[in-house]
file target-v9.txt (compact mmCIF, C-alpha atoms)
# COMPACT_ATOMS: atom_id res chain seq x y z
CA MET A 1 -66.21 41.94 -31.40
CA LYS A 2 -67.03 38.24 -31.48
CA LYS A 3 -63.32 37.43 -31.84
CA LEU A 4 -62.50 39.59 -28.83
CA ASN A 5 -65.10 37.82 -26.66
CA LEU A 6 -63.77 34.46 -27.79
CA LEU A 7 -60.22 35.44 -26.82
CA ARG A 8 -61.43 36.61 -23.40
CA ARG A 9 -63.19 33.28 -22.79
CA LEU A 10 -60.10 31.35 -23.82
CA SER A 11 -57.95 33.42 -21.46
CA VAL A 12 -60.30 32.69 -18.57
CA LEU A 13 -60.16 28.96 -19.35
CA VAL A 14 -56.35 29.01 -19.43
CA VAL A 15 -56.19 30.77 -16.04
CA MET A 16 -58.70 28.32 -14.53
CA PHE A 17 -56.71 25.37 -15.89
CA ALA A 18 -53.45 26.75 -14.46
CA LEU A 19 -55.02 27.33 -11.04
CA GLY A 20 -56.42 23.83 -11.09
CA SER A 21 -53.01 22.36 -11.93
CA LEU A 22 -51.34 24.26 -9.12
CA THR A 23 -54.01 23.10 -6.67
CA ALA A 24 -53.49 19.50 -7.77
CA MET A 25 -49.73 19.82 -7.41
CA ALA A 26 -50.07 21.29 -3.92
CA ALA A 27 -52.28 18.37 -2.97
CA ASN A 28 -49.45 15.98 -3.96
CA TYR A 29 -46.90 17.61 -1.63
CA LYS A 30 -46.07 15.41 1.36
CA ASP A 31 -43.90 15.75 4.45
CA PHE A 32 -41.00 13.29 4.47
CA TYR A 33 -38.99 12.40 7.54
CA SER A 34 -35.81 10.57 8.51
CA LYS A 35 -33.86 10.09 11.73
CA VAL A 36 -30.35 8.64 11.91
CA THR A 37 -28.28 7.42 14.86
CA VAL A 38 -24.62 6.48 14.45
CA LYS A 39 -22.84 4.53 17.19
CA SER A 40 -19.09 4.08 17.56
CA THR A 41 -17.80 0.51 17.86
CA GLY A 42 -14.90 1.81 19.97
CA ASN A 43 -11.54 3.61 19.55
CA GLY A 44 -13.19 6.70 18.14
CA LYS A 45 -16.08 9.15 18.39
CA VAL A 46 -18.69 10.26 15.86
CA TYR A 47 -21.01 13.11 14.92
CA VAL A 48 -23.78 12.89 12.31
CA SER A 49 -25.53 15.88 10.72
CA TYR A 50 -28.37 16.30 8.23
CA LYS A 51 -27.39 17.23 4.65
CA GLU A 52 -24.17 19.13 5.39
CA LYS A 53 -20.97 18.79 7.38
CA ALA A 54 -21.13 20.40 10.80
CA GLU A 55 -18.72 23.31 11.30
CA ALA A 56 -18.11 22.40 14.95
CA PRO A 57 -19.09 18.73 15.46
CA GLU A 58 -19.69 17.62 19.05
CA PHE A 59 -18.07 14.20 19.00
CA ALA A 60 -19.47 11.45 21.21
CA ASP A 61 -19.81 7.65 21.37
CA GLU A 62 -23.28 8.04 19.83
CA SER A 63 -24.80 10.79 17.70
CA THR A 64 -28.31 11.39 16.33
CA ALA A 65 -29.65 13.75 13.66
CA GLU A 66 -33.04 14.10 11.95
CA SER A 67 -34.48 15.88 8.96
CA GLY A 68 -37.65 17.31 10.45
CA ALA A 69 -40.53 17.80 8.03
CA ASP A 70 -38.94 17.93 4.58
CA ASN A 71 -41.80 18.89 2.26
CA LYS A 72 -41.37 17.57 -1.27
CA ALA A 73 -43.64 16.89 -4.24
CA ALA A 74 -42.71 13.25 -4.65
CA ILE A 75 -44.02 9.79 -3.95
CA THR A 76 -40.72 8.64 -2.41
CA MET A 77 -37.37 10.34 -1.77
CA ASN A 78 -33.99 10.00 -0.06
CA HIS A 79 -32.24 12.08 2.56
CA SER A 80 -28.50 12.77 2.77
CA TYR A 81 -26.51 12.70 6.03
CA TYR A 82 -22.88 13.64 6.77
CA LEU A 83 -20.68 11.66 9.15
CA SER A 84 -17.75 13.27 10.99
CA THR A 85 -15.31 10.98 12.81
CA GLN A 86 -12.64 11.45 15.47
CA PRO A 87 -10.42 8.35 15.77
CA GLU A 88 -8.22 7.78 18.81
CA GLU A 89 -4.47 8.12 18.34
CA GLY A 90 -3.15 5.37 16.08
CA TYR A 91 -6.62 4.45 14.80
CA VAL A 92 -8.51 5.28 11.61
CA TRP A 93 -12.18 5.17 10.63
CA GLU A 94 -12.70 2.04 8.52
CA GLY A 95 -16.34 2.31 7.45
CA LEU A 96 -20.05 2.58 8.29
CA TYR A 97 -22.19 -0.53 8.79
CA ASN A 98 -25.87 -1.52 9.07
CA ASN A 99 -25.28 -3.97 11.91
CA GLU A 100 -23.33 -4.03 15.16
CA GLU A 101 -21.21 -6.96 13.93
CA CYS A 102 -19.96 -4.65 11.14
CA THR A 103 -20.54 -7.13 8.32
CA GLU A 104 -23.02 -5.12 6.18
CA LYS A 105 -21.18 -2.06 4.87
CA VAL A 106 -22.99 1.14 3.91
CA THR A 107 -21.97 3.10 0.82
CA VAL A 108 -20.33 6.33 1.93
CA LYS A 109 -18.90 8.91 -0.49
CA ASP A 110 -16.96 11.90 0.81
CA ASN A 111 -18.36 11.10 4.27
CA SER A 112 -21.98 11.41 3.01
CA PHE A 113 -24.54 8.61 2.89
CA ILE A 114 -28.18 8.25 1.82
CA VAL A 115 -31.20 6.94 3.73
CA PRO A 116 -34.78 6.43 2.46
CA ALA A 117 -37.18 9.10 3.75
CA GLN A 118 -40.73 8.17 4.83
CA THR A 119 -44.01 10.01 5.42
CA ASN A 120 -44.16 8.42 8.88
CA VAL A 121 -41.21 9.33 11.12
CA ASP A 122 -41.53 6.02 13.01
CA ASP A 123 -40.79 4.17 9.76
CA ALA A 124 -37.74 6.33 8.98
CA THR A 125 -35.52 5.70 12.00
CA TYR A 126 -32.12 4.14 11.20
CA THR A 127 -29.16 3.00 13.31
CA TYR A 128 -25.63 2.59 11.93
CA TYR A 129 -22.26 1.62 13.39
CA ALA A 130 -18.92 3.35 12.72
CA LYS A 131 -15.95 0.99 12.82
CA PHE A 132 -12.46 2.13 13.88
CA VAL A 133 -9.33 0.01 13.40
CA LEU A 134 -5.60 0.36 13.97
CA GLY A 135 -3.97 2.34 11.20
CA VAL A 136 -0.75 1.53 9.37
CA ASP A 137 1.95 4.19 9.42
CA ALA A 138 4.14 5.27 6.51
CA ASN A 139 7.10 7.65 6.68
CA LEU A 140 8.53 9.91 3.99
CA THR A 141 12.09 11.09 4.71
CA ILE A 142 14.17 13.25 2.35
CA LYS A 143 17.35 15.21 3.00
CA ALA A 144 17.43 18.71 1.51
CA GLY A 145 18.57 18.65 -2.10
CA LYS A 146 18.80 14.85 -2.13
CA TYR A 147 16.81 12.04 -3.68
CA GLY A 148 14.86 9.41 -1.79
CA THR A 149 12.47 6.57 -2.56
CA PHE A 150 8.93 6.14 -1.28
CA VAL A 151 5.83 3.99 -1.59
CA ALA A 152 2.67 3.90 0.54
CA PRO A 153 -0.13 1.30 0.80
CA TYR A 154 -2.77 4.05 0.63
CA ASP A 155 -3.18 7.46 -1.03
CA VAL A 156 -1.03 10.18 0.56
CA THR A 157 -0.65 13.92 0.00
CA LEU A 158 2.97 14.87 -0.64
CA PRO A 159 4.26 18.02 1.10
CA GLU A 160 4.80 21.20 -0.89
CA GLY A 161 8.18 21.26 -2.61
CA VAL A 162 8.41 17.48 -3.04
CA THR A 163 8.70 16.19 -6.61
CA ALA A 164 7.90 12.55 -7.38
CA TYR A 165 9.44 10.70 -10.33
CA ILE A 166 8.72 7.41 -12.04
CA VAL A 167 11.51 5.43 -13.66
CA THR A 168 11.60 3.97 -17.14
CA VAL A 169 14.38 1.38 -17.41
CA GLU A 170 15.74 0.61 -20.87
CA GLU A 171 18.62 -1.87 -20.84
CA ASP A 172 21.39 -0.01 -18.98
CA LYS A 173 19.60 3.33 -18.67
CA ALA A 174 16.78 4.62 -16.53
CA LYS A 175 14.98 7.88 -17.21
CA LEU A 176 13.29 9.88 -14.48
CA THR A 177 9.97 11.50 -15.37
CA ALA A 178 8.32 13.92 -12.95
CA LEU A 179 4.71 13.14 -12.06
CA ASP A 180 2.00 15.78 -12.37
CA LEU A 181 -0.04 14.78 -9.33
CA LYS A 182 -3.54 16.19 -8.90
CA ASP A 183 -3.74 17.98 -5.54
CA ARG A 184 -0.29 16.48 -4.78
CA ILE A 185 -1.93 13.10 -4.05
CA LEU A 186 0.30 10.07 -4.66
CA PRO A 187 -1.95 7.04 -5.30
CA ALA A 188 -1.53 3.87 -3.28
CA GLY A 189 0.99 1.34 -4.54
CA ASN A 190 3.02 3.75 -6.67
CA PRO A 191 6.75 3.43 -5.87
CA VAL A 192 8.55 6.66 -6.80
CA ILE A 193 11.81 8.53 -6.50
CA VAL A 194 11.33 11.78 -4.58
CA LYS A 195 13.33 14.98 -4.22
CA SER A 196 12.98 18.12 -2.13
CA ASP A 197 14.97 21.33 -1.67
CA ALA A 198 14.21 21.19 2.06
CA ASP A 199 14.37 18.44 4.68
CA VAL A 200 11.18 16.36 4.78
CA ASN A 201 10.07 14.07 7.58
CA GLU A 202 6.37 13.35 7.02
CA SER A 203 4.35 10.67 8.82
CA TYR A 204 1.09 9.21 7.50
CA LEU A 205 -1.56 6.92 8.97
CA GLY A 206 -4.17 5.05 6.97
CA LEU A 207 -5.77 1.81 5.83
CA PRO A 208 -3.70 -0.35 3.46
CA THR A 209 -5.25 -0.92 0.05
CA GLU A 210 -2.23 -2.66 -1.48
CA GLU A 211 -0.31 -5.92 -1.02
CA VAL A 212 2.98 -6.30 0.89
CA SER A 213 5.11 -5.31 -2.12
CA VAL A 214 4.47 -3.81 -5.53
CA THR A 215 6.43 -3.60 -8.79
CA LYS A 216 5.54 -0.55 -10.85
CA ASN A 217 7.02 2.57 -12.44
CA GLY A 218 10.36 0.78 -13.00
CA LEU A 219 10.78 0.32 -9.23
CA VAL A 220 9.98 -2.31 -6.61
CA GLY A 221 8.41 -0.89 -3.46
CA PHE A 222 7.83 -2.64 -0.13
CA TYR A 223 5.96 -1.84 3.08
CA GLN A 224 7.79 -3.95 5.65
CA SER A 225 11.21 -3.33 7.22
CA GLY A 226 13.53 -6.28 6.80
CA THR A 227 12.44 -6.95 3.21
CA GLU A 228 15.32 -8.61 1.37
CA VAL A 229 16.68 -6.79 -1.66
CA PRO A 230 17.84 -9.36 -4.23
CA ALA A 231 21.42 -9.55 -5.48
CA GLY A 232 21.96 -7.52 -8.63
CA ALA A 233 19.32 -4.93 -7.71
CA TYR A 234 20.21 -1.30 -6.96
CA VAL A 235 19.58 0.61 -3.73
CA LEU A 236 19.83 4.36 -3.17
CA GLN A 237 22.84 5.24 -1.02
CA THR A 238 25.10 8.20 -0.25
CA GLN A 239 28.76 7.24 -0.16
CA ASN A 240 31.72 9.60 0.07
CA GLY A 241 29.28 12.48 -0.28
CA LYS A 242 27.85 11.18 -3.53
CA GLN A 243 24.30 9.86 -3.82
CA CYS A 244 23.84 6.97 -6.24
CA PHE A 245 21.98 3.74 -6.72
CA TYR A 246 24.52 1.07 -5.82
CA LYS A 247 24.39 -2.51 -6.95
CA VAL A 248 23.71 -5.18 -4.31
CA GLY A 249 26.25 -7.98 -4.19
CA ASP A 250 25.83 -11.54 -2.91
CA THR A 251 25.40 -10.45 0.74
CA VAL A 252 21.74 -10.17 1.73
CA VAL A 253 20.60 -6.58 2.13
CA THR A 254 17.39 -5.72 3.98
CA GLY A 255 15.43 -2.55 3.33
CA VAL A 256 13.53 -0.07 5.48
CA LYS A 257 9.75 0.01 5.04
CA ASN A 258 8.11 2.36 2.52
CA ARG A 259 11.23 2.32 0.36
CA CYS A 260 12.00 1.10 -3.16
CA TYR A 261 14.83 -0.39 -5.17
CA LEU A 262 15.67 -0.71 -8.84
CA PRO A 263 15.44 -4.33 -10.02
CA ALA A 264 18.42 -5.81 -11.80
CA PRO A 265 18.33 -4.98 -15.53
CA ALA A 266 18.00 -7.82 -17.99
CA THR A 267 21.56 -7.27 -19.22
CA ASN A 268 22.85 -6.78 -15.64
CA GLU A 269 25.43 -4.22 -16.75
CA ALA A 270 27.86 -2.74 -14.21
CA ARG A 271 26.56 0.79 -14.76
CA ILE A 272 23.18 2.42 -15.27
CA SER A 273 22.50 6.13 -15.85
CA ILE A 274 19.45 7.96 -14.53
CA VAL A 275 18.68 10.92 -16.76
CA LEU A 276 16.56 13.70 -15.28
CA GLU A 277 14.13 15.79 -17.29
CA ASP A 278 16.41 18.84 -16.96
CA ASP A 279 19.17 16.81 -18.65
CA ALA A 280 21.12 16.46 -15.39
CA ALA A 281 22.41 12.92 -14.87
CA THR A 282 23.03 10.78 -11.81
CA ALA A 283 25.20 7.69 -12.16
CA VAL A 284 23.85 4.39 -10.94
CA LYS A 285 27.00 2.40 -10.31
CA GLY A 286 27.37 -1.33 -9.96
CA VAL A 287 30.23 -2.57 -7.79
CA ASN A 288 29.73 -6.03 -6.28
CA ALA A 289 31.82 -5.40 -3.16
CA GLU A 290 30.52 -1.89 -2.57
CA ALA A 291 30.17 -0.96 1.09
CA ILE A 292 26.41 -0.75 1.59
CA PRO A 293 24.52 -1.59 4.79
CA ALA A 294 23.63 -5.27 5.07
CA GLU A 295 22.64 -5.71 8.74
CA TYR A 296 21.89 -3.49 11.73
CA TYR A 297 22.58 -4.22 15.41
CA SER A 298 21.73 -2.38 18.60
CA ALA A 299 24.43 -1.20 20.99
CA ASN A 300 24.14 -4.47 22.94
CA GLY A 301 24.57 -6.58 19.82
CA MET A 302 20.91 -7.45 19.16
CA LYS A 303 19.99 -7.62 15.46
CA VAL A 304 17.32 -5.08 14.41
CA ALA A 305 15.44 -4.48 11.15
CA ALA A 306 16.45 -0.82 10.92
CA PRO A 307 18.61 1.69 12.84
CA GLN A 308 17.12 2.56 16.23
CA LYS A 309 17.40 5.75 18.27
CA GLY A 310 20.82 5.97 19.88
CA MET A 311 23.96 4.07 18.92
CA ASN A 312 23.79 1.35 16.25
CA ILE A 313 26.34 -1.03 14.76
CA VAL A 314 26.08 -1.33 10.99
CA LYS A 315 27.58 -4.34 9.23
CA MET A 316 28.38 -3.53 5.61
CA ALA A 317 28.02 -5.75 2.55
CA ASP A 318 31.82 -5.97 2.19
CA GLY A 319 32.19 -7.36 5.74
CA SER A 320 33.28 -4.13 7.42
CA ALA A 321 31.37 -2.55 10.30
CA LYS A 322 30.87 0.94 11.71
CA LYS A 323 28.99 2.69 14.48
CA ILE A 324 26.32 5.30 13.81
CA ILE A 325 24.21 7.42 16.15
CA VAL A 326 20.55 8.12 15.35
CA LYS A 327 19.18 11.20 17.11
call {"tool": "encode", "arguments": {"input": "target-v9.txt", "output": "structure tokens"}}
result
Amino acid sequence: MKKLNLLRRLSVLVVMFALGSLTAMAANYKDFYSKVTVKSTGNGKVYVSYKEKAEAPEFADESTAESGADNKAAITMNHSYYLSTQPEEGYVWEGLYNNEECTEKVTVKDNSFIVPAQTNVDDATYTYYAKFVLGVDANLTIKAGKYGTFVAPYDVTLPEGVTAYIVTVEEDKAKLTALDLKDRILPAGNPVIVKSDADVNESYLGLPTEEVSVTKNGLVGFYQSGTEVPAGAYVLQTQNGKQCFYKVGDTVVTGVKNRCYLPAPATNEARISIVLEDDAATAVKGVNAEAIPAEYYSANGMKVAAPQKGMNIVKMADGSAKKIIVK
């Protein structure tokens, strides 16, 4: 009997202690607030939302969102906001800043950023500035069933059906190895050989994260039209219905932007073989006087970096010339 009474008293004490703890915890709960305004610096509109991305953002030059009373059991805490952007044509969102001069950048990950919450809403009001700048375009062009070369100064998503290859050059041979790209994203500054069963003409716009040219994956990629390809290197061409990498002679050859070439091998042999993973082989021939494009001219004789829409005059590396029409 005495033991039973003792157990009952202990049970009552435990319940009283638990109730007291809950009461103390409730007393520590506080309301935290935050209010965020994002202003566009021009060439784009913005929309900011609390915690999550808005399904139908109402873009404007200035947008404001606030948390309301966010009740948490904490001494201090942070609030998360989501920024949606709508750049004007040809522009891209560059970043979020603390000041109108856009010199103090805010850390943004997947369009979300953090602000300190406060118990007083007047102390938790923040203003940020979204900066928009001109983007840099990159173009991926592949003829159905053919190879091409490509490099971009920022990450791009390759279209479905496009396979990207890196090249491993060993003396007079180069082996193609297909890349297993996560979510089909080709990282910035990765020159590759590409192939597609269908025609591809994809345009990209972004912020460069790489230098003017890059040597990687056995290739040399460049981002500017008019880039000179050195003598002894190999450029991808289709001649007499056959697509090969042809050796550049002494005549200066200029390339089209976002393309790549194979650098001259150390032994500088007259022939290189590219072996595909499926054991198919494409010859990479080296003929010094091969007829490959060296210079481009408009119909009125003005020199241009690359073929323009309409009629063009193409001067070949062997001194010959021909007319082509770009539609």
call {"tool": "closest_residue", "arguments": {"input": "target-v9.txt", "among": "A:Pro191, A:Pro116, A:Pro159, A:Gly232", "to": "Ser67 of chain A", "atoms": "only C-alpha atoms"}}
result
A:Pro116
call {"tool": "closest_residue", "arguments": {"input": "target-v9.txt", "among": "A:Ile185, A:Ile142, A:Val220, A:Ala264", "to": "Asn201 of chain A", "atoms": "only C-alpha atoms"}}
result
A:Ile142
call {"tool": "atom_distance", "arguments": {"input": "target-v9.txt", "atom1": "atom CA of Val235 of chain A", "atom2": "atom CA of Ala178 of chain A"}}
result
19.7 Å
call {"tool": "axis_aligned_box", "arguments": {"input": "target-v9.txt", "around": "segment 217-221 of chain A", "padding_each_side": "6 Å", "output": "lines of an AutoDock Vina configuration file"}}
result
center_x = 8.9
center_y = 0.1
center_z = -8.2
size_x = 15.8
size_y = 16.9
size_z = 21.5
call {"tool": "closest_residue", "arguments": {"input": "target-v9.txt", "among": "A:Glu88, A:Asp110, A:Glu101, A:Glu94", "to": "Glu52 of chain A", "atoms": "only C-alpha atoms"}}
result
A:Asp110
call {"tool": "atom_distance", "arguments": {"input": "target-v9.txt", "atom1": "atom CA of Trp93 of chain A", "atom2": "atom CA of Leu179 of chain A"}}
result
29.4 Å
call {"tool": "residues_around", "arguments": {"input": "target-v9.txt", "residues": "Arg184 of chain A", "least_positions_apart": "4", "cutoff": "8 Å", "atoms": "all atoms listed in the file", "output": "list of chain:residue names"}}
result
A:Thr157, A:Leu158, A:Pro159, A:Glu160, A:Asp180
call {"tool": "residues_around", "arguments": {"input": "target-v9.txt", "residues": "Asn190 of chain A", "least_positions_apart": "6", "cutoff": "8 Å", "atoms": "only C-alpha atoms", "output": "PyMOL selection string"}}
result
chain A and resi 151-152+214+216-217+221
call {"tool": "closest_residue", "arguments": {"input": "target-v9.txt", "among": "A:Lys30, A:Lys39, A:Arg259, A:Lys323", "to": "Ala69 of chain A", "atoms": "only C-alpha atoms"}}
result
A:Lys30
